[in-house]
Amino acid sequence: MPGLRVRAGTCVEDLQDITELVNTGRAHPFHSEKFEGQVAIYIKGFRNSRGQPSYSEYFQRPDRKGITWSVQVKGEYTPRWGSGHTHNCTQGRFLQPRSANEILLGNTFDRALRLPWGSSLALQFAKFVDPALEHDLTSDTKPWALSPLVATVPHFMHARVDHAPGGQGEFPPRTSISDDTSQLGMTSMSPTKNNLKVAQTYKDDRAVFPLRTPGERKKYFSKETNRKDLVFGPDDIITIDFCYGFLEFYPDIILRLPAGITFDLMKYWDKQPIRFVCGTRGGKEESDEPITDMFWCVEVVSADDDEPVGEKEDDSDDVD
């Protein structure tokens, strides 16, 4: 397949080419009125527009065995009126606090997708991995698949600005990002009666989330009521590693599911961007726009936009 390019920015209309940063352990900054932070990209087997490969020790780590791509983002939420804090790494800013139910992460597309026969199996697998996932991938206009960030990312770290040990540290870190929700209880809360009984305890007037593993975090926040109770405000630092191993980018774009089920996506890819986005949940009246306020966006695109892609044997486009 042709080489790839990677672009990133705070909206789809204003993206910068960051291909040279892929697999280097160097981050690209985000700056907008809605969000400021940094992103680092890792893609296994990545080749740029000149066909030159790049490698990273990230994929050799025991705790990242089987991973084929990673989008790592670190941001810090600061109020629009200024908090008086200065920070040495990243600063993220929402114009107002956002509930964990509003902040979505996933994929959006510009036009209808050519879905392979049997794609329903892939969607069932995705729903099994992420029960909070919502999607409309059969849309004739702008397909999408999105999930609340706090419920979908495999690795999630949260810290309060005044409790972050040693400042914010370097990003991306030299060791793998791992779950840390020990300070979630210090965020703004609006607990419901059921949540108080089932999932939280209180100590010194602060809610303590007994979430010991990523699985426990994802299960807990797969419930909408639990997400609505959590508000990320001015002083919350969020660091994520959004990474999986079911999608391969080299030598071809292939989706691999359990039980040896594979989909050669090169047969169906029409070169529209493979886009990862983070933003707020769209309103019901905006059915064609699942994301309203966008915080950041990363796109993987073909390096040769003029080369025909997906012209292998003419498989059926019917969706199972």
# chains A, B, ... in the order shown; residues from 1 in each chain; ligands from 1

$ select_by_dssp --residues "stretch 11-150 of chain A" --states "strand (DSSP E)" --output "ChimeraX atom specification"
/A:11,14-17,28-31,36-43,69-76,98-99,103-108,134-136,144-148

$ write_last_selection --atoms "C-alpha atoms" --output "compact mmCIF listing (two decimals), in the first residue's frame"
# COMPACT_ATOMS: atom_id res chain seq x y z
CA CYS A 11 -10.72 21.01 14.35
CA ASP A 14 -7.30 23.33 10.59
CA LEU A 15 -4.96 20.34 10.70
CA GLN A 16 -1.17 20.25 10.63
CA ASP A 17 0.96 17.49 9.16
CA HIS A 28 2.44 17.87 18.98
CA PRO A 29 0.69 20.71 20.86
CA PHE A 30 -3.00 21.58 20.66
CA HIS A 31 -4.09 25.17 21.22
CA GLU A 36 -4.94 22.91 24.95
CA GLY A 37 -2.80 19.82 25.29
CA GLN A 38 -0.44 17.50 23.49
CA VAL A 39 -0.72 14.37 21.36
CA ALA A 40 1.78 11.62 20.56
CA ILE A 41 1.14 9.04 17.84
CA TYR A 42 2.50 5.50 17.47
CA ILE A 43 1.68 3.23 14.51
CA TRP A 69 -1.57 1.82 17.15
CA SER A 70 -1.71 4.37 19.92
CA VAL A 71 -3.06 7.90 20.22
CA GLN A 72 -1.80 9.42 23.48
CA VAL A 73 -3.19 12.73 24.67
CA LYS A 74 -2.48 14.76 27.76
CA GLY A 75 -4.45 17.82 28.69
CA GLU A 76 -5.12 19.96 31.72
CA ARG A 98 -17.95 19.25 31.19
CA SER A 99 -19.60 16.15 32.54
CA ILE A 103 -16.92 14.18 26.38
CA LEU A 104 -16.86 11.65 23.53
CA LEU A 105 -13.99 9.87 21.79
CA GLY A 106 -14.07 7.84 18.60
CA ASN A 107 -14.29 8.11 14.83
CA THR A 108 -16.18 10.30 12.39
CA GLU A 134 -22.91 4.35 20.01
CA HIS A 135 -22.67 4.46 16.23
CA ASP A 136 -24.32 5.10 12.90
CA TRP A 144 -19.69 7.89 13.15
CA ALA A 145 -18.80 5.67 16.10
CA LEU A 146 -18.32 7.39 19.46
CA SER A 147 -18.16 6.52 23.13
CA PRO A 148 -17.70 8.49 26.36

$ atom_distance --atom1 "atom CA of A:Ser49" --atom2 "atom CA of A:Lys65"
26.9 Å

$ closest_residue --among "A:Pro53, A:Pro273, A:Gly3, A:Gly66" --to "A:Glu248" --atoms "only C-alpha atoms"
A:Gly66

$ closest_residue --among "A:Arg174, A:His158, A:Arg256, A:Arg281" --to "A:Asp236" --atoms "only C-alpha atoms"
A:His158

$ closest_residue --among "A:Ala132, A:Ile238, A:Ile274, A:Ile67" --to "A:Gln183" --atoms "only C-alpha atoms"
A:Ile238

$ atom_distance --atom1 "atom CA of A:Gly279" --atom2 "atom CA of A:Cys297"
8.8 Å

$ residues_around --residues "A:Thr68" --least-positions-apart "5" --cutoff "12 Å" --atoms "only C-alpha atoms" --output "list in words"
Asn23, Ile41, Tyr42, Ile43, Lys44, Gly45, Phe46, Tyr55, Ser56, Tyr58, Phe59, Gln60, Phe242, Cys243, Tyr244, Gly245, Phe246, Leu247, Glu248, Phe249, Tyr250, Pro251, Ile253, Ile254, Leu255 and Arg256 of chain A

$ write_last_selection --atoms "N, CA and C atoms" --output "PDB file, in the first residue's frame"
ATOM      1  N   ASN A  23       5.954   7.794  15.980  1.00  0.00           N
ATOM      2  CA  ASN A  23       6.895   6.815  16.543  1.00  0.00           C
ATOM      3  C   ASN A  23       8.171   7.434  17.092  1.00  0.00           C
ATOM      4  N   ILE A  41       1.711  10.097  18.671  1.00  0.00           N
ATOM      5  CA  ILE A  41       1.144   9.038  17.836  1.00  0.00           C
ATOM      6  C   ILE A  41       2.160   7.922  17.628  1.00  0.00           C
ATOM      7  N   TYR A  42       1.689   6.684  17.762  1.00  0.00           N
ATOM      8  CA  TYR A  42       2.499   5.504  17.473  1.00  0.00           C
ATOM      9  C   TYR A  42       1.701   4.586  16.551  1.00  0.00           C
ATOM     10  N   ILE A  43       2.325   4.157  15.454  1.00  0.00           N
ATOM     11  CA  ILE A  43       1.680   3.230  14.514  1.00  0.00           C
ATOM     12  C   ILE A  43       2.697   2.148  14.154  1.00  0.00           C
ATOM     13  N   LYS A  44       2.355   0.921  14.432  1.00  0.00           N
ATOM     14  CA  LYS A  44       3.269  -0.193  14.165  1.00  0.00           C
ATOM     15  C   LYS A  44       3.437  -0.394  12.655  1.00  0.00           C
ATOM     16  N   GLY A  45       4.701  -0.497  12.210  1.00  0.00           N
ATOM     17  CA  GLY A  45       4.983  -0.698  10.796  1.00  0.00           C
ATOM     18  C   GLY A  45       4.786   0.542   9.948  1.00  0.00           C
ATOM     19  N   PHE A  46       4.724   1.713  10.580  1.00  0.00           N
ATOM     20  CA  PHE A  46       4.412   2.944   9.857  1.00  0.00           C
ATOM     21  C   PHE A  46       5.455   3.261   8.787  1.00  0.00           C
ATOM     22  N   TYR A  55      10.125   3.070  13.548  1.00  0.00           N
ATOM     23  CA  TYR A  55       9.865   2.065  14.580  1.00  0.00           C
ATOM     24  C   TYR A  55       9.867   2.733  15.952  1.00  0.00           C
ATOM     25  N   SER A  56       9.259   2.054  16.905  1.00  0.00           N
ATOM     26  CA  SER A  56       9.239   2.560  18.273  1.00  0.00           C
ATOM     27  C   SER A  56       9.320   1.402  19.253  1.00  0.00           C
ATOM     28  N   TYR A  58       7.888   1.374  21.882  1.00  0.00           N
ATOM     29  CA  TYR A  58       6.569   1.287  22.517  1.00  0.00           C
ATOM     30  C   TYR A  58       5.930  -0.073  22.283  1.00  0.00           C
ATOM     31  N   PHE A  59       6.052  -0.581  21.045  1.00  0.00           N
ATOM     32  CA  PHE A  59       5.390  -1.833  20.692  1.00  0.00           C
ATOM     33  C   PHE A  59       6.122  -3.065  21.226  1.00  0.00           C
ATOM     34  N   GLN A  60       7.306  -2.869  21.791  1.00  0.00           N
ATOM     35  CA  GLN A  60       8.055  -3.980  22.377  1.00  0.00           C
ATOM     36  C   GLN A  60       7.806  -4.117  23.869  1.00  0.00           C
ATOM     37  N   PHE A 242      -5.086   5.829  24.040  1.00  0.00           N
ATOM     38  CA  PHE A 242      -6.156   5.200  23.259  1.00  0.00           C
ATOM     39  C   PHE A 242      -5.480   4.260  22.281  1.00  0.00           C
ATOM     40  N   CYS A 243      -5.435   2.979  22.607  1.00  0.00           N
ATOM     41  CA  CYS A 243      -4.636   2.029  21.832  1.00  0.00           C
ATOM     42  C   CYS A 243      -5.323   0.680  21.756  1.00  0.00           C
ATOM     43  N   TYR A 244      -5.194   0.043  20.595  1.00  0.00           N
ATOM     44  CA  TYR A 244      -5.750  -1.295  20.403  1.00  0.00           C
ATOM     45  C   TYR A 244      -4.904  -2.052  19.388  1.00  0.00           C
ATOM     46  N   GLY A 245      -5.219  -3.323  19.198  1.00  0.00           N
ATOM     47  CA  GLY A 245      -4.452  -4.150  18.284  1.00  0.00           C
ATOM     48  C   GLY A 245      -5.272  -4.780  17.181  1.00  0.00           C
ATOM     49  N   PHE A 246      -6.558  -4.435  17.096  1.00  0.00           N
ATOM     50  CA  PHE A 246      -7.392  -5.097  16.091  1.00  0.00           C
ATOM     51  C   PHE A 246      -7.285  -4.445  14.712  1.00  0.00           C
ATOM     52  N   LEU A 247      -6.739  -3.225  14.638  1.00  0.00           N
ATOM     53  CA  LEU A 247      -6.590  -2.536  13.352  1.00  0.00           C
ATOM     54  C   LEU A 247      -5.114  -2.402  13.010  1.00  0.00           C
ATOM     55  N   GLU A 248      -4.721  -2.966  11.871  1.00  0.00           N
ATOM     56  CA  GLU A 248      -3.336  -2.893  11.408  1.00  0.00           C
ATOM     57  C   GLU A 248      -3.246  -1.929  10.230  1.00  0.00           C
ATOM     58  N   PHE A 249      -2.181  -1.143  10.188  1.00  0.00           N
ATOM     59  CA  PHE A 249      -1.987  -0.179   9.113  1.00  0.00           C
ATOM     60  C   PHE A 249      -0.929  -0.611   8.104  1.00  0.00           C
ATOM     61  N   TYR A 250      -0.181  -1.685   8.410  1.00  0.00           N
ATOM     62  CA  TYR A 250       0.880  -2.110   7.499  1.00  0.00           C
ATOM     63  C   TYR A 250       1.051  -3.628   7.594  1.00  0.00           C
ATOM     64  N   PRO A 251       1.279  -4.312   6.451  1.00  0.00           N
ATOM     65  CA  PRO A 251       1.469  -3.787   5.093  1.00  0.00           C
ATOM     66  C   PRO A 251       0.181  -3.329   4.416  1.00  0.00           C
ATOM     67  N   ILE A 253      -4.192  -2.214   5.372  1.00  0.00           N
ATOM     68  CA  ILE A 253      -5.116  -1.865   6.448  1.00  0.00           C
ATOM     69  C   ILE A 253      -6.055  -3.047   6.654  1.00  0.00           C
ATOM     70  N   ILE A 254      -5.881  -3.719   7.778  1.00  0.00           N
ATOM     71  CA  ILE A 254      -6.603  -4.959   8.039  1.00  0.00           C
ATOM     72  C   ILE A 254      -7.240  -4.898   9.417  1.00  0.00           C
ATOM     73  N   LEU A 255      -8.469  -5.349   9.507  1.00  0.00           N
ATOM     74  CA  LEU A 255      -9.164  -5.470  10.782  1.00  0.00           C
ATOM     75  C   LEU A 255      -9.144  -6.932  11.192  1.00  0.00           C
ATOM     76  N   ARG A 256      -8.585  -7.214  12.359  1.00  0.00           N
ATOM     77  CA  ARG A 256      -8.481  -8.592  12.856  1.00  0.00           C
ATOM     78  C   ARG A 256      -9.331  -8.744  14.108  1.00  0.00           C
TER      79      ARG A 256
END
